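Have a look at the structure below, then the notes.
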Amino acid sequence: MALLPFYTPLIFFCFLRLTGLDDHASLATRYLTICAFALGLLVVVLGAYTRLVDAGLGCPDWPGCYGFLTVPQSEADIATANERFPAMPLEADKAWPEMVHRYAATLLGVVILAILGVAAVKKLALNYPIALTVLVIAQGIFGAWTVTLKLWPQVVTAHLLGGFATVALLWVYLIKQRVVPPVDLPRPAARAALLVLCVLVLQVALGGWTSSNYAALACPDFPLCHGQLIPDMAWFTGFNIFQDIGPNYLGGELSNDARIAIQFTHRLVALVLVGVTVWLITKLTGRVCWIVGVVLVTQFALGVSNVWFNLPLTVATLHNFGALVYLLVIVYILYFTRTRSSVG
C-alpha cells in the first residue's frame with residue numbers, strides 16, 4: 001500500500017474496464033482473485049528472501065528508500081541518501097530486494113482493492129473482499145513498523161503470519177468461486193485437519209520467531225543440539241515477548257542460550273506436527289493422502305537441510321514457501337471435510 005498514489009491511473013483504468021463487464025462481474029472477480037493469489041505467493045517468497053539476505057533494513061525509511069521512490073543510483077542521489085542516513089549508508093544489493101518486495105506488496109494491495117471495488121459496484125458478496133482489504137491494510141501497517149521499529153521480532157513475526165493469512169484467505173476465496181476443483185473427503189478427517197491447522201499455525205509463528213531472532217543455527221547439529229538431547233537454554237528469555245524495542249534488531253540481541261531455546265522449541269513442535277499430520281493421513285484416501293505425505297516429508301527434509309548445510313539461501317527460502325504450501329493443503333482439506341455435502 002506504500003506506493004498506492006502512483007498506481008492511481010492504473011487502478012482507475014482497470015476499475016472502469018472491470019465494472020463495465022455487467023454480465024461477467026463474477027468472472028472479473030475470479031480473474032482478479034487468481035492474480036492476487038499469484039501475487040500473494042510471490043510476496044511471501046520475496047519477504048522470506050529479503051529477510052534471509054538481511055535486507056529488511058536495506059531501505060531505512062518507509063515508504064520510500066532513503067527518501068527516493070526507488071533505490072538511488074546516480075552518484076549525486078547516493079551521496080544525498082548517505083547524508084540523510086549517515087548511520088546506515090546505502091547498500092544497493094540490500095536495498096533492491098527490499099524495494100522489489102514493497103512494489104510487489106503494493107501491487108497486491110491494488111488488486112485486492114480492485115476486487116473490493118468490483119464486488120461493491122456489482123453488488124456481489126462483500127465478506128471476503130472486505131476481509132482481504134482489512135488484512136492487506138494491516139499488512140501495510142506491519143510492513144512499515146518492520147522498518148520503523150528496526151526489525152523488532154514481534155512485528156516481523158506478526159507480519160509473516162499476516163502474509164500467510166492473506167494468501168490463505170485468497171485460497172479459500174478461490175475455492176468458494178470454484179476455481180480450485182472440489183474433492184470428496186471423509187467428514188471424520190475434519191477433526192484431524194483442524195488439529196493439524198492449529199499446530200501448523202503455531203509452528204509457522206515459531207518459524208517466524210526463530211528467523212527474526214536469528215536462531216535458525218542456534219543448534220548446529222541434528223537431531224541433537226550441541227551434542228545433547230536436551231541442551232542448556234534460557235527459555236523465558238527466548239520467548240519474552242515484552243522485550244524492549246531496538247535500537248536495531250538486525251542480527252538479533254538475544255543470548256545464545258535464548259536462541260537455543262527458540263530453536264529447540266521449534267524442533268519439538270515440528271515433531272508434534274509430524275505426529276498429528278500422520279494421524280490426518282490415516283483418515284484420508286486417494287491422491288490427497290499422497291499430497292499431504294509429500295508435503296510433510298519435503299518440509300521436514302528442508303528443515304533438516306537448513307541445519308545440516310548451514311542455512312543455504314535457496315533451501316531456507318523453499319522452507320518458508322513450503323510452510324505456506326503446507327498451510328494451503330490443510331486449509332483445502334479442512335474446507336472440503338466440513339462442506340462435504342456441497343461437493344457434487
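Each chain of the C-alpha cells is named A, B, ... in the order shown, its residues numbered from 1; ligands are numbered from 1 in display order.
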
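Near Gly162 of chain A, within a cut-off of 10 Å and counting only C-alpha atoms, sit the residues A:Leu135, A:Val136, A:Ala138, A:Gln139, A:Gly140, A:Phe142, A:Val156, A:Ala168, with same-chain residues fewer than 6 positions away left out.
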
Using C-alpha atoms, can you export the residues from the last selection as a JSON list (two decimals), in the first residue's frame?
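See again_0.json below for the written result:
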```json
[["chain", "number", "residue", "atom", "x", "y", "z"],
["A", 135, "LEU", "CA", -5.79, -7.83, 6.02],
["A", 136, "VAL", "CA", -3.79, -6.10, 3.31],
["A", 138, "ALA", "CA", -2.91, -4.33, 8.29],
["A", 139, "GLN", "CA", -0.03, -5.87, 6.35],
["A", 140, "GLY", "CA", 0.93, -2.46, 5.06],
["A", 142, "PHE", "CA", 3.10, -4.05, 9.85],
["A", 156, "VAL", "CA", 8.36, -9.33, 11.97],
["A", 168, "ALA", "CA", -4.80, -18.49, 2.79]]
```

For Val167 of chain A, list every protein, DNA or RNA residue within 7 Å, evaluated using only C-alpha atoms, and leave out those in the same chain fewer than 4 positions away; present the list as a compact mmCIF listing (two decimals) with C-alpha atoms, in the first residue's frame.
```
# COMPACT_ATOMS: atom_id res chain seq x y z
CA PHE A 37 -3.26 -15.19 -5.15
CA GLY A 40 0.49 -13.21 -2.65
CA LEU A 41 2.69 -16.25 -3.25
CA GLY A 163 1.15 -12.65 4.88
CA TRP A 171 -7.07 -19.51 -1.46
```

List the spatial neighbours of segment 217-233 of chain A as a PyMOL selection string - criterion: any atom at most 12 Å away, only C-alpha atoms, same-chain residues fewer than 3 positions off excluded. chain A and resi 210-211+213-214+236-239+252+254-268+270-271+301+303-312+316

Atoms to include: C-alpha atoms. Write the selected residues as a JSON list (two decimals), in the first residue's frame.
```json
[["chain", "number", "residue", "atom", "x", "y", "z"],
["A", 210, "THR", "CA", 13.23, -18.26, 15.02],
["A", 211, "SER", "CA", 14.10, -16.30, 11.91],
["A", 213, "ASN", "CA", 15.69, -13.70, 16.40],
["A", 214, "TYR", "CA", 18.42, -15.21, 14.20],
["A", 236, "PHE", "CA", 11.93, -17.47, 29.35],
["A", 237, "THR", "CA", 14.44, -15.08, 27.79],
["A", 238, "GLY", "CA", 13.98, -16.59, 24.35],
["A", 239, "PHE", "CA", 10.22, -16.18, 24.49],
["A", 252, "GLY", "CA", 19.46, -10.15, 16.89],
["A", 254, "LEU", "CA", 19.40, -12.45, 22.42],
["A", 255, "SER", "CA", 21.99, -14.61, 24.16],
["A", 256, "ASN", "CA", 22.98, -17.93, 22.62],
["A", 257, "ASP", "CA", 21.09, -19.86, 25.33],
["A", 258, "ALA", "CA", 17.93, -17.91, 24.49],
["A", 259, "ARG", "CA", 18.32, -18.68, 20.80],
["A", 260, "ILE", "CA", 18.87, -22.35, 21.59],
["A", 261, "ALA", "CA", 15.56, -22.34, 23.48],
["A", 262, "ILE", "CA", 13.79, -20.94, 20.41],
["A", 263, "GLN", "CA", 15.36, -23.43, 18.01],
["A", 264, "PHE", "CA", 14.78, -26.37, 20.38],
["A", 265, "THR", "CA", 11.09, -25.45, 20.81],
["A", 266, "HIS", "CA", 10.72, -25.11, 17.04],
["A", 267, "ARG", "CA", 12.05, -28.65, 16.67],
["A", 268, "LEU", "CA", 9.76, -30.06, 19.36],
["A", 270, "ALA", "CA", 7.85, -29.91, 14.40],
["A", 271, "LEU", "CA", 7.74, -33.41, 15.86],
["A", 301, "ALA", "CA", 13.67, -32.57, 4.83],
["A", 303, "GLY", "CA", 14.11, -28.05, 7.79],
["A", 304, "VAL", "CA", 16.81, -30.64, 8.49],
["A", 305, "SER", "CA", 18.80, -29.47, 5.44],
["A", 306, "ASN", "CA", 18.82, -25.93, 6.83],
["A", 307, "VAL", "CA", 20.79, -27.23, 9.80],
["A", 308, "TRP", "CA", 23.00, -29.79, 8.06],
["A", 309, "PHE", "CA", 24.02, -27.43, 5.25],
["A", 310, "ASN", "CA", 24.30, -24.23, 7.31],
["A", 311, "LEU", "CA", 21.16, -22.43, 6.15],
["A", 312, "PRO", "CA", 21.61, -22.24, 2.35],
["A", 316, "ALA", "CA", 15.77, -21.63, 3.61]]
```

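Atom CA of Phe336 of chain A lies 15.1 Å from atom CA of Ile291 of chain A.
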
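One distance worth recording is that between atom CA of Leu161 of chain A and atom CA of Ile333 of chain A, which is 20.1 Å.
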
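Omitting Phe164 of chain A and its sequence neighbours fewer than 4 positions away, and counting only C-alpha atoms, the residues within 9 Å are Gly40, Leu41, Val44, His159, Leu160, Ala168, Leu169, Val204, Leu324 and Leu327 of chain A.
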
Coordinates-based distance that separates atom CA of Val295 of chain A from atom CA of Ile175 of chain A (Å, one decimal): 19.9 Å

Residues near Ala323 of chain A, anyone? I mean within 9 Å using only C-alpha atoms, not counting same-chain ones fewer than 2 positions away, as a ChimeraX atom specification. /A:200,203-204,295,299,318-321,325-328

Hey, could you make a per-residue contact list for segment 26-98 of chain A against segment 179-183 of chain A with 10 Å as the cut-off, showing the nearest pair of atoms and its distance in Å to one decimal, counting only C-alpha atoms, sorted by chain and number, as CSV?
```
residue,atom,partner,partner_atom,distance
A:Arg30,CA,A:Val179,CA,7.6
A:Tyr31,CA,A:Val179,CA,9.4
A:Thr33,CA,A:Val179,CA,9.6
A:Ile34,CA,A:Val179,CA,8.4
```

Can you write just those residues out, C-alpha atoms, as a PDB file, in the first residue's frame?
```
ATOM      1  CA  ARG A  30     -12.395 -14.587 -10.299  1.00  0.00           C
ATOM      2  CA  TYR A  31      -9.564 -13.405 -12.545  1.00  0.00           C
ATOM      3  CA  THR A  33      -8.535 -13.221  -7.247  1.00  0.00           C
ATOM      4  CA  ILE A  34      -6.287 -15.549  -9.262  1.00  0.00           C
TER       5      ILE A  34
END
```

So which residues touch Glu98 of chain A within 9 Å, counting only C-alpha atoms, skipping near sequence neighbours fewer than 3 positions away, as an mmCIF file with N, CA and C atoms, in the first residue's frame?
```cif
data_model
loop_
_atom_site.group_PDB
_atom_site.id
_atom_site.type_symbol
_atom_site.label_atom_id
_atom_site.label_comp_id
_atom_site.auth_asym_id
_atom_site.auth_seq_id
_atom_site.Cartn_x
_atom_site.Cartn_y
_atom_site.Cartn_z
ATOM 1 N N LEU A 46 9.302 -13.330 -1.718
ATOM 2 C CA LEU A 46 10.179 -12.158 -1.678
ATOM 3 C C LEU A 46 10.447 -11.710 -0.246
ATOM 4 N N GLY A 47 9.427 -11.810 0.605
ATOM 5 C CA GLY A 47 9.612 -11.439 2.007
ATOM 6 C C GLY A 47 10.614 -12.345 2.694
ATOM 7 N N THR A 50 14.107 -11.525 1.325
ATOM 8 C CA THR A 50 14.582 -10.254 1.881
ATOM 9 C C THR A 50 15.082 -10.434 3.310
ATOM 10 N N ARG A 51 14.341 -11.193 4.101
ATOM 11 C CA ARG A 51 14.729 -11.432 5.487
ATOM 12 C C ARG A 51 16.015 -12.257 5.567
ATOM 13 N N ALA A 55 18.183 -8.035 4.342
ATOM 14 C CA ALA A 55 17.873 -6.804 3.624
ATOM 15 C C ALA A 55 16.626 -6.120 4.184
ATOM 16 N N GLY A 56 16.175 -6.547 5.353
ATOM 17 C CA GLY A 56 14.971 -5.958 5.926
ATOM 18 C C GLY A 56 15.089 -4.478 6.202
ATOM 19 N N LEU A 57 16.310 -4.017 6.435
ATOM 20 C CA LEU A 57 16.562 -2.584 6.610
ATOM 21 C C LEU A 57 17.415 -2.054 5.464
ATOM 22 N N GLY A 58 17.267 -2.701 4.294
ATOM 23 C CA GLY A 58 18.002 -2.225 3.116
ATOM 24 C C GLY A 58 17.627 -0.802 2.761
ATOM 25 N N CYS A 59 16.387 -0.433 3.077
ATOM 26 C CA CYS A 59 15.928 0.955 2.988
ATOM 27 C C CYS A 59 15.486 1.337 4.401
ATOM 28 N N CYS A 65 12.808 4.902 -0.268
ATOM 29 C CA CYS A 65 14.111 4.314 0.023
ATOM 30 C C CYS A 65 15.126 5.450 0.084
ATOM 31 N N LYS A 94 21.221 -4.726 -0.959
ATOM 32 C CA LYS A 94 20.202 -4.972 0.067
ATOM 33 C C LYS A 94 18.973 -4.080 -0.123
ATOM 34 N N ALA A 95 19.184 -2.930 -0.698
ATOM 35 C CA ALA A 95 18.058 -2.015 -0.907
ATOM 36 C C ALA A 95 17.108 -2.537 -1.981
ATOM 37 N N HIS A 101 10.253 -6.107 -2.979
ATOM 38 C CA HIS A 101 9.231 -6.673 -2.095
ATOM 39 C C HIS A 101 8.116 -5.658 -1.857
ATOM 40 N N ARG A 102 8.472 -4.406 -1.633
ATOM 41 C CA ARG A 102 7.454 -3.377 -1.404
ATOM 42 C C ARG A 102 6.609 -3.151 -2.657
ATOM 43 N N TYR A 103 7.240 -3.131 -3.832
ATOM 44 C CA TYR A 103 6.483 -2.941 -5.070
ATOM 45 C C TYR A 103 5.468 -4.067 -5.259
#
```
